[in-house]
Amino acid sequence: MRATDTHEVDNQPPEFAPRDLWRDDVALREALAREGGAAFEARLAAYGALAGGALYAAGFDANRDRPRLRTHDRFGHRIDSVEFHPAYHLLMDAAVSHGVAGLSWAQQPQPGAHVARAALSYLHHQADAGTSCPLTMTHAAMPVLAREPVLRQWREKIVAMRYDPRDLPLADKHGVTLGMGMTEKQGGSDVRANSTRATPDGDDGSYVLRGHKWFFSAPMSDAFLVLAQAPGGLSCFLLPRWLPDGGLNGFRLMRLKDKLGDWSNASSEVEFYAARALRVGDEGRGVATILEMVMLTRLDCMLGSSAEMRMALAQALHHCRYRRAFGKPLLEQPLMRNVLADLAIEAEAALALSMRVAGAVDAAPRDPGQAAFARLVTAVGKYWICKRTPAFVNEAQECLGGAGYVEESMLPRLYRQAPLNSIWEGSGNIQCLDVLRALSREPQVVEALRRELDAARGIDPGFDAADDALAQRLSTAAAVPADAEPLARRLVEQLALVLQAAVLLRAGSPVAAAFCNSRLASPHALAFGTLDIGTGIDDALARVLPA
């Protein structure tokens with residue numbers, strides 16, 4: 001030590017990255033194969049190394065230097081432009097070119113493409129969550145765009161899987177991304193209260209829009225799906241950023257949202273003063289048209305929250321492996337092992353259910369039963385997994401102590417991000433009410449659920465008992481629908497837990513018994529780190545992060 005030094009730096013972990021996020025994640029590798037995506041393993045392996053290396057570093061830069069709104073250039077011309085840090089474009093380029101936004105459609109009808117795309121999204125989200133917003137919207141828009149032959153060029157430039165950040169009209173672009181504008185000040189989730197007006201203008205299906213949007217996500221996208229009131233009722237429209245003649249379309253970015261998290265991405269408020277748009281679907285069928293996107297966006301909410309759990313857990317376990325306290329590494333302290341193992345069980349269950357839904361989405365065009373299953377469980381999983389994430393990330397922060405509250409650790413960014421997916425694409429109440437509607441009005445959904453749960457019976461007595469209790473609750477809810485709504489959250493929570501257990505049991509996961517013992521027993525402890533002694537702690541930890 002030099003005379004001017006006060007101490008030596010000791011008892012600190014090495015840097016977390018670079019890591020190979022694919023190689024490290026045994027549960028993801030198993031899920032990809034189990035759900036039918038094994039043909040894409042090489043693509044996932046390549047992206048896992050990238051996501052844990054260059055993209056991981058870029059995520060810090062993209063979130064440190066937030067997007068900036070420029071309404072005018074230096075000469076006074078209106079430009080309505082948002083400037084991003086170069087790291088944002090690096091993240092977007094890597095994601096688009098590797099298929100995070102377009103693989104499902106570029107490889108159709110190859111089975112497993114949706115599953116592989118889901119795994120790519122899960123890996124990318126661990127490096128940066130903000131860019132997942134335009135990637136998800138671009139991916140989910142494809143079924144909607146497929147409704148209209150006139151939108152073929154837009155579809156082709158998504159499937160091309162090329163990122164082109166240039167602010168140019170469609171004809172000059174190599175690839176495109178899409179944003180969304182649904183909600184307004186007065187309505188929020190009640191989009192039928194929207195006041196933006198769409199007036200027909202010409203025989204080509206074009207309209208002129210006047211009004212506003214309270215949330216206009218990813219405002220530098222090449223086009224946006226928006227809802228507006230046409231003469232025939234609430235309708236869906238594709239609104240390009242640029243007009244074919246090279247002029248900016250008639251909308252103005254009023255300000256960027258000052259968000260809790262999601263800092264690498266921009267969301268804005270916008271006013272339409274003479275914006276031209278093309279109708280997608282029939283007039284008056286706007287909500288029904290947009291619902292074609294909902295299953296895909298809800299799946300990505302599940303995947304994103306699962307990814308945040310996974311990264312928070314990996315950060316915590318990495319720290320505890322090297323940090324010593326009271327004479328030995330934190331990872332060898334019995335109570336800390338209990339906490340980390342409980343987090344590991346939660347994270348694996350979240351991923352398993354998310355990938356199971358991805359498999360159902362992939363099979364949906366070929367199998368009505370899988371389509372019905374996906375219809376229900378995207379709402380169930382979106383509610384429960386997204387609800388669990390904020391508490392999960394906070395518990396991971398505690399494993400690092402004060403260091404987990406400092407931005408350099410990444411955990412504060414994950415914590416700010418954690419609540420978003422429970423709010424976006426419909427809050428918890430919306431999801432639970434949707435589950436009730438599906439269970440009461442769609443018999444095929446109930447049949448698909450029953451097949452899924454029956455396939456896991458006979459493996460674990462705790463699961464069988466929980467499934468019996470769930471069946472009774474479902475029967476009661478169907479018999480007295482008026483009483484079901486106030487208790488909908490309780491019902492959906494139990495449904496989510498039983499479904500997660502079913503997926504883990506059928507997969508033969510080493511954490512399945514521990515999940516059933518700790519989540520399905522009644523009453524069960526609510527905090528993380530409350531596993532019974534001998535409840536698969538070593539097995540759970542062994543699957544998290546290779547030394």
# chains A, B, ... in the order shown; residues from 1 in each chain; ligands from 1
$ residues_around --residues "region 191-202 of chain A" --least-positions-apart "4" --cutoff "9 Å" --atoms "only C-alpha atoms" --output "list in words"
Met182, Thr183, Glu184, Lys185, Gln186, Gly187, Ser206, Tyr207, Val208, Leu209, Arg210, Gly211, His212, Lys213, Leu227, Ala228, Gln229, Ala230, Pro231, Leu234, Ser235, Phe237, Phe272, Arg276, Ala277 and Val287 of chain A
$ select_by_dssp --residues "region 157-347 of chain A" --states "strand (DSSP E)" --output "number ranges by chain"
A: 178-181, 197-200, 206-217, 223-230, 233-240, 251-256, 267-280, 324-325, 328-329
$ residues_around --residues "Cys301 (chain A)" --least-positions-apart "6" --cutoff "12 Å" --atoms "only C-alpha atoms" --output "mmCIF file with N, CA and C atoms, in the first residue's frame"
data_model
loop_
_atom_site.group_PDB
_atom_site.id
_atom_site.type_symbol
_atom_site.label_atom_id
_atom_site.label_comp_id
_atom_site.auth_asym_id
_atom_site.auth_seq_id
_atom_site.Cartn_x
_atom_site.Cartn_y
_atom_site.Cartn_z
ATOM 1 N N ALA A 118 -39.647 -15.929 -28.901
ATOM 2 C CA ALA A 118 -39.894 -15.635 -27.489
ATOM 3 C C ALA A 118 -38.606 -15.743 -26.682
ATOM 4 N N SER A 121 -36.469 -12.726 -27.361
ATOM 5 C CA SER A 121 -36.977 -11.569 -26.646
ATOM 6 C C SER A 121 -36.579 -11.622 -25.178
ATOM 7 N N TYR A 122 -36.652 -12.787 -24.582
ATOM 8 C CA TYR A 122 -36.264 -12.995 -23.179
ATOM 9 C C TYR A 122 -34.790 -12.656 -22.971
ATOM 10 N N HIS A 125 -34.252 -8.726 -23.484
ATOM 11 C CA HIS A 125 -34.809 -7.924 -22.398
ATOM 12 C C HIS A 125 -33.863 -7.872 -21.203
ATOM 13 N N ALA A 129 -34.461 -3.325 -21.370
ATOM 14 C CA ALA A 129 -35.912 -3.492 -21.434
ATOM 15 C C ALA A 129 -36.574 -2.461 -22.341
ATOM 16 N N SER A 132 -37.253 -3.212 -25.911
ATOM 17 C CA SER A 132 -38.243 -4.270 -26.101
ATOM 18 C C SER A 132 -39.608 -3.707 -26.480
ATOM 19 N N CYS A 133 -39.869 -2.447 -26.143
ATOM 20 C CA CYS A 133 -41.178 -1.847 -26.444
ATOM 21 C C CYS A 133 -41.427 -1.774 -27.953
ATOM 22 N N THR A 136 -41.540 -5.356 -29.500
ATOM 23 C CA THR A 136 -42.795 -6.066 -29.247
ATOM 24 C C THR A 136 -43.915 -5.544 -30.129
ATOM 25 N N MET A 137 -44.044 -4.233 -30.222
ATOM 26 C CA MET A 137 -45.134 -3.668 -31.022
ATOM 27 C C MET A 137 -44.979 -4.018 -32.494
ATOM 28 N N ALA A 140 -45.947 -7.751 -32.812
ATOM 29 C CA ALA A 140 -47.359 -8.029 -32.598
ATOM 30 C C ALA A 140 -48.257 -7.439 -33.672
ATOM 31 N N VAL A 294 -53.229 -8.532 -28.935
ATOM 32 C CA VAL A 294 -53.161 -8.587 -27.481
ATOM 33 C C VAL A 294 -52.463 -9.845 -26.980
ATOM 34 N N MET A 295 -52.761 -10.991 -27.578
ATOM 35 C CA MET A 295 -52.130 -12.225 -27.120
ATOM 36 C C MET A 295 -50.611 -12.136 -27.227
ATOM 37 N N ALA A 307 -37.723 -12.182 -17.708
ATOM 38 C CA ALA A 307 -36.340 -11.801 -17.969
ATOM 39 C C ALA A 307 -35.789 -10.906 -16.865
ATOM 40 N N GLU A 308 -36.623 -9.989 -16.369
ATOM 41 C CA GLU A 308 -36.174 -9.125 -15.275
ATOM 42 C C GLU A 308 -35.909 -9.938 -14.011
ATOM 43 N N ALA A 350 -41.809 -18.790 -13.684
ATOM 44 C CA ALA A 350 -42.252 -17.719 -14.580
ATOM 45 C C ALA A 350 -41.816 -17.995 -16.013
ATOM 46 N N LEU A 351 -40.562 -18.394 -16.184
ATOM 47 C CA LEU A 351 -40.080 -18.700 -17.530
ATOM 48 C C LEU A 351 -40.818 -19.902 -18.123
ATOM 49 N N SER A 354 -44.240 -18.898 -19.309
ATOM 50 C CA SER A 354 -44.138 -17.998 -20.463
ATOM 51 C C SER A 354 -43.802 -18.776 -21.728
ATOM 52 N N VAL A 357 -46.733 -20.799 -22.980
ATOM 53 C CA VAL A 357 -47.659 -19.974 -23.762
ATOM 54 C C VAL A 357 -47.088 -19.724 -25.154
ATOM 55 N N ALA A 358 -45.775 -19.479 -25.247
ATOM 56 C CA ALA A 358 -45.164 -19.294 -26.570
ATOM 57 C C ALA A 358 -45.363 -20.532 -27.438
ATOM 58 N N THR A 378 -52.461 -16.243 -21.573
ATOM 59 C CA THR A 378 -51.726 -14.979 -21.696
ATOM 60 C C THR A 378 -52.244 -13.964 -20.680
ATOM 61 N N ALA A 379 -53.543 -13.955 -20.423
ATOM 62 C CA ALA A 379 -54.091 -13.039 -19.411
ATOM 63 C C ALA A 379 -53.716 -13.497 -18.000
ATOM 64 N N VAL A 380 -53.808 -14.794 -17.750
ATOM 65 C CA VAL A 380 -53.461 -15.330 -16.427
ATOM 66 C C VAL A 380 -51.995 -15.052 -16.107
ATOM 67 N N GLY A 381 -51.128 -15.412 -17.042
ATOM 68 C CA GLY A 381 -49.697 -15.239 -16.807
ATOM 69 C C GLY A 381 -49.290 -13.784 -16.763
ATOM 70 N N LYS A 382 -49.892 -12.975 -17.615
ATOM 71 C CA LYS A 382 -49.573 -11.552 -17.618
ATOM 72 C C LYS A 382 -49.911 -10.948 -16.260
ATOM 73 N N TYR A 383 -51.047 -11.331 -15.693
ATOM 74 C CA TYR A 383 -51.418 -10.812 -14.384
ATOM 75 C C TYR A 383 -50.405 -11.243 -13.318
ATOM 76 N N TRP A 384 -50.172 -12.529 -13.188
ATOM 77 C CA TRP A 384 -49.441 -13.026 -12.034
ATOM 78 C C TRP A 384 -47.929 -12.792 -12.133
ATOM 79 N N ILE A 385 -47.329 -13.118 -13.251
ATOM 80 C CA ILE A 385 -45.880 -12.963 -13.374
ATOM 81 C C ILE A 385 -45.481 -11.500 -13.247
ATOM 82 N N CYS A 386 -46.231 -10.624 -13.885
ATOM 83 C CA CYS A 386 -45.897 -9.196 -13.811
ATOM 84 C C CYS A 386 -46.121 -8.645 -12.410
ATOM 85 N N LYS A 387 -47.104 -9.186 -11.674
ATOM 86 C CA LYS A 387 -47.330 -8.760 -10.302
ATOM 87 C C LYS A 387 -46.182 -9.183 -9.383
ATOM 88 N N THR A 389 -43.010 -9.501 -10.071
ATOM 89 C CA THR A 389 -41.678 -9.012 -10.408
ATOM 90 C C THR A 389 -41.162 -7.905 -9.503
ATOM 91 N N GLN A 417 -37.995 -0.687 -13.694
ATOM 92 C CA GLN A 417 -38.663 -1.311 -14.827
ATOM 93 C C GLN A 417 -39.738 -2.299 -14.384
ATOM 94 N N ALA A 418 -39.541 -2.895 -13.208
ATOM 95 C CA ALA A 418 -40.356 -4.034 -12.791
ATOM 96 C C ALA A 418 -41.863 -3.782 -12.790
ATOM 97 N N PRO A 419 -42.362 -2.597 -12.390
ATOM 98 C CA PRO A 419 -43.828 -2.420 -12.381
ATOM 99 C C PRO A 419 -44.456 -2.225 -13.751
ATOM 100 N N LEU A 420 -43.670 -1.948 -14.774
ATOM 101 C CA LEU A 420 -44.237 -1.508 -16.049
ATOM 102 C C LEU A 420 -45.153 -2.543 -16.671
ATOM 103 N N ASN A 421 -44.714 -3.795 -16.729
ATOM 104 C CA ASN A 421 -45.487 -4.787 -17.473
ATOM 105 C C ASN A 421 -46.834 -5.089 -16.833
ATOM 106 N N SER A 422 -46.974 -4.836 -15.524
ATOM 107 C CA SER A 422 -48.291 -5.037 -14.920
ATOM 108 C C SER A 422 -49.257 -3.920 -15.294
ATOM 109 N N ILE A 423 -48.728 -2.786 -15.745
ATOM 110 C CA ILE A 423 -49.552 -1.641 -16.135
ATOM 111 C C ILE A 423 -49.818 -1.646 -17.641
ATOM 112 N N TRP A 424 -48.784 -1.904 -18.418
ATOM 113 C CA TRP A 424 -48.879 -1.848 -19.877
ATOM 114 C C TRP A 424 -49.767 -2.980 -20.398
ATOM 115 N N GLU A 425 -50.468 -2.699 -21.464
ATOM 116 C CA GLU A 425 -51.338 -3.691 -22.117
ATOM 117 C C GLU A 425 -52.442 -4.198 -21.189
ATOM 118 N N GLY A 426 -52.932 -3.322 -20.345
ATOM 119 C CA GLY A 426 -54.035 -3.682 -19.463
ATOM 120 C C GLY A 426 -53.551 -3.997 -18.067
ATOM 121 N N SER A 427 -54.034 -3.251 -17.087
ATOM 122 C CA SER A 427 -53.619 -3.461 -15.699
ATOM 123 C C SER A 427 -54.184 -4.771 -15.169
#
$ select_by_dssp --residues "region 129-175 of chain A" --states "helix (DSSP H, G or I)" --output "number ranges by chain"
A: 132-145, 149-159, 170-172
$ residues_around --residues "Ala466 (chain A)" --least-positions-apart "2" --cutoff "10 Å" --atoms "only C-alpha atoms" --output "list in words"
Pro461, Gly462, Phe463, Asp464, Asp468, Ala469, Leu470, Ala471, Gln472, Gln494, Leu495, Leu497, Val498, Ala501, Cys516, Arg519, Leu520, Ala521 and Ser522 of chain A
$ write_last_selection --atoms "N, CA and C atoms" --output "CSV table (one decimal), in the first residue's frame"
chain,number,residue,atom,x,y,z
A,461,PRO,N,-48.9,-35.1,-4.9
A,461,PRO,CA,-50.2,-35.0,-4.2
A,461,PRO,C,-50.6,-33.5,-3.9
A,462,GLY,N,-49.7,-32.7,-3.6
A,462,GLY,CA,-50.0,-31.3,-3.3
A,462,GLY,C,-50.6,-30.6,-4.5
A,463,PHE,N,-50.1,-31.0,-5.7
A,463,PHE,CA,-50.7,-30.4,-6.9
A,463,PHE,C,-52.1,-30.9,-7.1
A,464,ASP,N,-52.3,-32.2,-6.9
A,464,ASP,CA,-53.7,-32.7,-7.1
A,464,ASP,C,-54.7,-32.0,-6.2
A,468,ASP,N,-57.8,-29.7,-7.3
A,468,ASP,CA,-59.2,-30.0,-6.8
A,468,ASP,C,-59.9,-28.7,-6.3
A,469,ALA,N,-59.1,-28.0,-5.5
A,469,ALA,CA,-59.6,-26.7,-4.9
A,469,ALA,C,-59.9,-25.7,-6.0
A,470,LEU,N,-59.0,-25.6,-6.9
A,470,LEU,CA,-59.2,-24.7,-8.0
A,470,LEU,C,-60.5,-25.1,-8.8
A,471,ALA,N,-60.7,-26.3,-9.1
A,471,ALA,CA,-61.9,-26.8,-9.8
A,471,ALA,C,-63.1,-26.3,-9.1
A,472,GLN,N,-63.1,-26.4,-7.8
A,472,GLN,CA,-64.3,-26.0,-7.0
A,472,GLN,C,-64.5,-24.5,-7.1
A,494,GLN,N,-54.6,-18.2,-8.0
A,494,GLN,CA,-54.6,-19.6,-7.8
A,494,GLN,C,-54.5,-20.4,-9.1
A,495,LEU,N,-55.1,-19.9,-10.2
A,495,LEU,CA,-55.0,-20.5,-11.5
A,495,LEU,C,-53.6,-20.4,-12.0
A,497,LEU,N,-50.8,-20.2,-10.2
A,497,LEU,CA,-49.9,-21.0,-9.5
A,497,LEU,C,-50.1,-22.5,-9.9
A,498,VAL,N,-51.3,-22.9,-10.1
A,498,VAL,CA,-51.6,-24.3,-10.5
A,498,VAL,C,-51.0,-24.6,-11.9
A,501,ALA,N,-47.3,-24.9,-11.7
A,501,ALA,CA,-46.9,-26.2,-11.2
A,501,ALA,C,-47.1,-27.3,-12.2
A,516,CYS,N,-44.4,-26.8,-5.7
A,516,CYS,CA,-45.7,-27.3,-5.1
A,516,CYS,C,-45.7,-27.2,-3.6
A,519,ARG,N,-45.7,-23.2,-2.8
A,519,ARG,CA,-46.7,-22.2,-3.4
A,519,ARG,C,-48.1,-22.8,-3.3
A,520,LEU,N,-48.3,-24.1,-3.3
A,520,LEU,CA,-49.7,-24.6,-3.4
A,520,LEU,C,-50.2,-25.0,-2.0
A,521,ALA,N,-49.4,-25.2,-1.0
A,521,ALA,CA,-49.9,-25.5,0.3
A,521,ALA,C,-50.7,-24.4,0.9
A,522,SER,N,-51.7,-24.7,1.7
A,522,SER,CA,-52.6,-23.7,2.3
A,522,SER,C,-52.6,-23.9,3.8
$ closest_residue --among "A:Ala448, A:Ala127, A:Leu436, A:Ala141" --to "Ala360 (chain A)" --atoms "only C-alpha atoms"
A:Ala448
$ residues_around --residues "His89 (chain A)" --least-positions-apart "2" --cutoff "10 Å" --atoms "only C-alpha atoms" --output "list in words"
Ala58, Ala62, Phe84, His85, Pro86, Ala87, Leu91, Met92, Asp93, Ala94, Ala95, Thr131, Tyr163, Asp164 and Pro165 of chain A
$ residues_around --residues "Arg19 (chain A)" --least-positions-apart "2" --cutoff "8 Å" --atoms "only C-alpha atoms" --output "list in words"
Phe16, Ala17, Leu21, Asp24, Ala49, Gly52 and Gly53 of chain A
$ atom_distance --atom1 "CA of Leu433 (chain A)" --atom2 "CA of His114 (chain A)"
26.7 Å
$ residues_around --residues "Arg166 (chain A)" --least-positions-apart "2" --cutoff "10 Å" --atoms "only C-alpha atoms" --output "PyMOL selection string"
chain A and resi 163-164+168-169+172-176+220+222
$ closest_atom_pairs --of "region 385-449 of chain A" --to "region 64-74 of chain A" --cutoff "12 Å" --atoms "only C-alpha atoms" --output "tab-separated table"
residue	atom	partner	partner_atom	distance
A:Glu407	CA	A:Arg64	CA	9.6
A:Glu408	CA	A:Arg64	CA	10.5
A:Met410	CA	A:Arg64	CA	11.2
A:Arg413	CA	A:Arg64	CA	10.0
$ write_last_selection --atoms "N, CA and C atoms" --output "PDB file, in the first residue's frame"
ATOM      1  N   GLU A 407     -26.925   2.736  -8.896  1.00  0.00           N
ATOM      2  CA  GLU A 407     -27.185   2.514 -10.315  1.00  0.00           C
ATOM      3  C   GLU A 407     -26.150   1.629 -10.999  1.00  0.00           C
ATOM      4  N   GLU A 408     -24.908   1.651 -10.539  1.00  0.00           N
ATOM      5  CA  GLU A 408     -23.872   0.853 -11.186  1.00  0.00           C
ATOM      6  C   GLU A 408     -24.167  -0.643 -11.135  1.00  0.00           C
ATOM      7  N   MET A 410     -27.037  -2.201 -11.732  1.00  0.00           N
ATOM      8  CA  MET A 410     -28.124  -2.541 -12.649  1.00  0.00           C
ATOM      9  C   MET A 410     -29.439  -2.805 -11.931  1.00  0.00           C
ATOM     10  N   ARG A 413     -32.145  -0.089 -12.021  1.00  0.00           N
ATOM     11  CA  ARG A 413     -32.820  -0.019 -13.324  1.00  0.00           C
ATOM     12  C   ARG A 413     -33.871  -1.115 -13.441  1.00  0.00           C
TER      13      ARG A 413
END
$ atom_distance --atom1 "CA of His124 (chain A)" --atom2 "CA of Arg388 (chain A)"
20.4 Å
$ closest_residue --among "A:Ala540, A:Ala31, A:Leu491, A:Leu449" --to "Ala512 (chain A)" --atoms "only C-alpha atoms"
A:Ala540
$ closest_residue --among "A:Arg2, A:Arg255, A:Arg356, A:His319" --to "Ala33 (chain A)" --atoms "only C-alpha atoms"
A:Arg356
$ atom_distance --atom1 "CA of Asn394 (chain A)" --atom2 "CA of Gly304 (chain A)"
16.5 Å
